[in-house]
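S.K.: One structure follows; several queries about it will come next.
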Amino acid sequence: MGLPAAIPVAPRAIEAEVLSQKPFADFGTVIENPAPSLIPSLQVSSLPPNAVQANQGSALKYLDVTQMVDLYGSAPSHEPAKAVMNMFVCAQRSLLPSQNVGEAGRFPVKILERHPFTTQTFIPLGFLSPSSSDEGLPVPTPTQTNGRLPGRGLPDLKNIRAFVANGAQAVTYGAGTWHAPMVVIGRNPIDFVVVQFANGVAIEDCQERELEEQEKILVAVAKPHHGWWKL
């Protein structure tokens, strides 16, 4: 007698949340203008927190909007790292169909990656305002902590989350944060400048983990709101 057929396991579905700093804090930093309606001028008497006048009053400078972290001194190879800026041109992804009226579809998360010794900042290009019709989806997950350095364990899939970011937002993932590769959903590709440290040792610069069939996750994406991207 043959073995019984395995019972298929349906992927777990999670909803994408609107990106803001508070829910994203466990994974990194959201970079955005905290006062987009404020026009820089020498006549501005009350400045937002962490802002100073710049360029003869024609600009506001927000200080230390994100932290770049280089932990390569603790990498096994001891190969020194340098700061690098790369540009990714990301095509839009297809969504799986959904029966839910409010959903545009569902994105299947099949692989996660991390950069164990560096932060990584994603900066979308080409958006004049948050009113773009293209979207991106940050999908980070905590790490099962196993040691003092960030990212020493496997991804904690029970606490994976997904966020919808608009075109006026950038994000920095903390060192060692597991996340899905860049995902663009919309009508057009999106260009990203990505800032991080790297030492050229592949296993120390980027580690990937493919999810088993029973681990795979579907991100429910709401029907487009005018002006959002999903990374």
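Labeling convention for the structure tokens: chains A, B, ... as they appear, residues from 1 per chain, ligands from 1 in order of appearance.
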Against range 62-80 of chain A, which residues of range 13-51 of chain A fall within 12 Å? For each one I want the closest pair of atoms and the distance in Å (one decimal), counting only C-alpha atoms, rows by chain and increasing residue number, as JSON lines.

M.R.:
```
{"residue": "A:Gln21", "atom": "CA", "partner": "A:Thr66", "partner_atom": "CA", "distance": 11.5}
{"residue": "A:Ala25", "atom": "CA", "partner": "A:Thr66", "partner_atom": "CA", "distance": 11.8}
{"residue": "A:Gly28", "atom": "CA", "partner": "A:Thr66", "partner_atom": "CA", "distance": 8.7}
{"residue": "A:Thr29", "atom": "CA", "partner": "A:Thr66", "partner_atom": "CA", "distance": 6.3}
{"residue": "A:Val30", "atom": "CA", "partner": "A:Thr66", "partner_atom": "CA", "distance": 8.0}
{"residue": "A:Ile31", "atom": "CA", "partner": "A:Val65", "partner_atom": "CA", "distance": 6.4}
{"residue": "A:Glu32", "atom": "CA", "partner": "A:Val65", "partner_atom": "CA", "distance": 8.5}
{"residue": "A:Asn33", "atom": "CA", "partner": "A:Tyr62", "partner_atom": "CA", "distance": 8.6}
{"residue": "A:Pro34", "atom": "CA", "partner": "A:Tyr62", "partner_atom": "CA", "distance": 9.4}
{"residue": "A:Ala35", "atom": "CA", "partner": "A:Tyr62", "partner_atom": "CA", "distance": 10.7}
{"residue": "A:Pro40", "atom": "CA", "partner": "A:Tyr62", "partner_atom": "CA", "distance": 11.9}
{"residue": "A:Leu47", "atom": "CA", "partner": "A:Tyr62", "partner_atom": "CA", "distance": 10.1}
{"residue": "A:Pro48", "atom": "CA", "partner": "A:Tyr62", "partner_atom": "CA", "distance": 8.7}
{"residue": "A:Pro49", "atom": "CA", "partner": "A:Tyr62", "partner_atom": "CA", "distance": 8.3}
{"residue": "A:Asn50", "atom": "CA", "partner": "A:Tyr62", "partner_atom": "CA", "distance": 5.6}
{"residue": "A:Ala51", "atom": "CA", "partner": "A:Tyr62", "partner_atom": "CA", "distance": 4.4}
```

S.K.: How about saving the chosen residues, C-alpha atoms kept, as a tab-separated table (two decimals), in the first residue's frame?

M.R.:
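Saved the output as result-v2.tsv:
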```
chain	number	residue	atom	x	y	z
A	21	GLN	CA	7.11	54.83	11.62
A	25	ALA	CA	9.89	50.60	14.22
A	28	GLY	CA	13.91	50.01	10.77
A	29	THR	CA	13.13	53.60	9.86
A	30	VAL	CA	10.60	55.35	7.63
A	31	ILE	CA	12.02	58.45	5.93
A	32	GLU	CA	9.49	61.09	4.94
A	33	ASN	CA	8.82	64.80	5.19
A	34	PRO	CA	6.98	65.30	8.51
A	35	ALA	CA	5.53	68.64	7.39
A	40	PRO	CA	10.70	76.79	3.62
A	47	LEU	CA	10.28	74.75	12.90
A	48	PRO	CA	9.34	71.06	13.09
A	49	PRO	CA	11.37	68.92	15.50
A	50	ASN	CA	14.87	68.06	14.26
A	51	ALA	CA	14.74	70.75	11.53
```

S.K.: Give one line per residue of range 75-119 of chain A that approaches range 189-192 of chain A to at most 9 Å, naming the two atoms of the closest pair and their distance in Å to one decimal, counting only C-alpha atoms; sort by chain then ascending residue number and deliver it as JSON lines.

M.R.:
```
{"residue": "A:Asn86", "atom": "CA", "partner": "A:Phe192", "partner_atom": "CA", "distance": 8.2}
{"residue": "A:Met87", "atom": "CA", "partner": "A:Phe192", "partner_atom": "CA", "distance": 5.5}
{"residue": "A:Phe88", "atom": "CA", "partner": "A:Phe192", "partner_atom": "CA", "distance": 5.2}
{"residue": "A:Val89", "atom": "CA", "partner": "A:Asp191", "partner_atom": "CA", "distance": 4.4}
{"residue": "A:Cys90", "atom": "CA", "partner": "A:Ile190", "partner_atom": "CA", "distance": 5.3}
{"residue": "A:Ala91", "atom": "CA", "partner": "A:Pro189", "partner_atom": "CA", "distance": 4.3}
{"residue": "A:Gln92", "atom": "CA", "partner": "A:Pro189", "partner_atom": "CA", "distance": 5.5}
```

S.K.: As an MDAnalysis selection string, please: every residue in range 2-231 of chain A that a backbone DSSP assignment puts in strand (DSSP E or B).

M.R.: chainID A and resid 12:18 28:31 51:54 59:62 70 82:90 92 96 103:109 111:114 118 120:124 135:136 140:141 143 155 162:166 170:173 178:179 184:185 190:198 207:210 217:222 228:229

S.K.: Using only C-alpha atoms, find the one residue out of A:Ala16, A:Leu157, A:Ala198, A:Leu38 that sits nearest to Leu137 in chain A.

M.R.: A:Ala16

S.K.: What does the structure give for the distance between CA of Ile217 in chain A and CA of Arg187 in chain A, in Å to one decimal?

M.R.: 23.6 Å

S.K.: What's around Thr141 in chain A at 10 Å? Count only C-alpha atoms, leave out sequence neighbours fewer than 4 positions away in its own chain, and write the answer as a compact mmCIF listing (two decimals) with C-alpha atoms, in the first residue's frame.

M.R.:
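Saved the output as selection-v7.txt:
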```
# COMPACT_ATOMS: atom_id res chain seq x y z
CA ASP A 26 10.82 46.98 14.96
CA PHE A 27 12.26 46.65 11.45
CA LEU A 112 13.22 36.23 2.16
CA LEU A 154 15.99 32.36 11.11
CA PRO A 155 13.03 34.55 10.16
CA ASP A 156 10.16 34.64 12.65
CA LEU A 157 7.37 33.98 10.15
CA LYS A 158 4.64 34.16 12.79
CA ASN A 159 5.27 37.89 13.05
CA ILE A 160 5.88 38.79 9.43
CA ARG A 161 4.21 42.04 8.30
CA ALA A 162 3.66 43.93 5.06
CA THR A 177 16.26 42.30 9.13
CA TRP A 178 14.70 39.57 7.02
CA HIS A 179 12.55 40.99 4.22
CA ALA A 180 11.13 40.10 0.84
```

S.K.: What is the distance between CA of Cys206 in chain A and CA of Leu218 in chain A, in Å to one decimal?

M.R.: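 Interatomic distance here is 23.4 Å.
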
S.K.: So that I can check the surroundings of Glu103 in chain A, please list as an MDAnalysis selection string every protein, DNA and RNA residue that reaches within 8 Å of it, counting only C-alpha atoms and ignoring chain neighbours fewer than 3 positions away.

M.R.: chainID A and resid 98:100 106 220:223

S.K.: Dump all heavy atoms for the selected residues as a short mmCIF file (atom, residue, chain, number, x, y, z; two decimals), in the first residue's frame?

M.R.:
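Once written, selection.cif looks like this:
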```
data_model
loop_
_atom_site.label_atom_id
_atom_site.label_comp_id
_atom_site.auth_asym_id
_atom_site.auth_seq_id
_atom_site.Cartn_x
_atom_site.Cartn_y
_atom_site.Cartn_z
N SER A 98 -7.94 37.35 -6.22
CA SER A 98 -8.58 37.23 -4.92
C SER A 98 -10.09 37.32 -5.10
O SER A 98 -10.59 38.05 -5.96
CB SER A 98 -8.11 38.35 -3.99
OG SER A 98 -8.87 38.37 -2.79
N GLN A 99 -10.82 36.58 -4.27
CA GLN A 99 -12.27 36.61 -4.30
C GLN A 99 -12.84 37.74 -3.45
O GLN A 99 -14.04 38.02 -3.50
CB GLN A 99 -12.83 35.26 -3.80
CG GLN A 99 -12.36 34.06 -4.60
CD GLN A 99 -12.76 34.15 -6.06
OE1 GLN A 99 -13.89 34.51 -6.39
NE2 GLN A 99 -11.83 33.83 -6.95
N ASN A 100 -12.00 38.39 -2.67
CA ASN A 100 -12.47 39.47 -1.80
C ASN A 100 -12.67 40.75 -2.59
O ASN A 100 -11.78 41.19 -3.34
CB ASN A 100 -11.48 39.71 -0.66
CG ASN A 100 -11.42 38.54 0.30
OD1 ASN A 100 -12.28 37.66 0.28
ND2 ASN A 100 -10.40 38.51 1.15
N ARG A 106 -3.36 39.19 -4.45
CA ARG A 106 -2.49 38.75 -3.36
C ARG A 106 -1.10 38.45 -3.90
O ARG A 106 -0.96 37.80 -4.94
CB ARG A 106 -3.08 37.53 -2.66
CG ARG A 106 -4.42 37.85 -1.99
CD ARG A 106 -4.93 36.73 -1.13
NE ARG A 106 -6.07 37.17 -0.33
CZ ARG A 106 -6.59 36.49 0.67
NH1 ARG A 106 -6.09 35.30 1.01
NH2 ARG A 106 -7.62 36.96 1.34
N ALA A 220 -2.27 40.24 1.17
CA ALA A 220 -3.49 40.79 0.59
C ALA A 220 -3.29 42.27 0.31
O ALA A 220 -3.00 43.04 1.22
CB ALA A 220 -4.67 40.57 1.52
N VAL A 221 -3.44 42.66 -0.95
CA VAL A 221 -3.21 44.04 -1.37
C VAL A 221 -4.56 44.68 -1.68
O VAL A 221 -5.32 44.20 -2.52
CB VAL A 221 -2.31 44.09 -2.62
CG1 VAL A 221 -2.12 45.53 -3.08
CG2 VAL A 221 -0.97 43.43 -2.33
N ALA A 222 -4.87 45.76 -0.98
CA ALA A 222 -6.13 46.46 -1.21
C ALA A 222 -6.15 47.07 -2.61
O ALA A 222 -5.10 47.34 -3.20
CB ALA A 222 -6.34 47.53 -0.16
N LYS A 223 -7.33 47.31 -3.13
CA LYS A 223 -7.44 47.98 -4.42
C LYS A 223 -6.75 49.32 -4.34
O LYS A 223 -6.76 49.97 -3.30
CB LYS A 223 -8.91 48.13 -4.81
CG LYS A 223 -9.53 46.80 -5.21
CD LYS A 223 -10.95 46.97 -5.74
CE LYS A 223 -11.49 45.61 -6.21
NZ LYS A 223 -12.88 45.71 -6.68
#
```
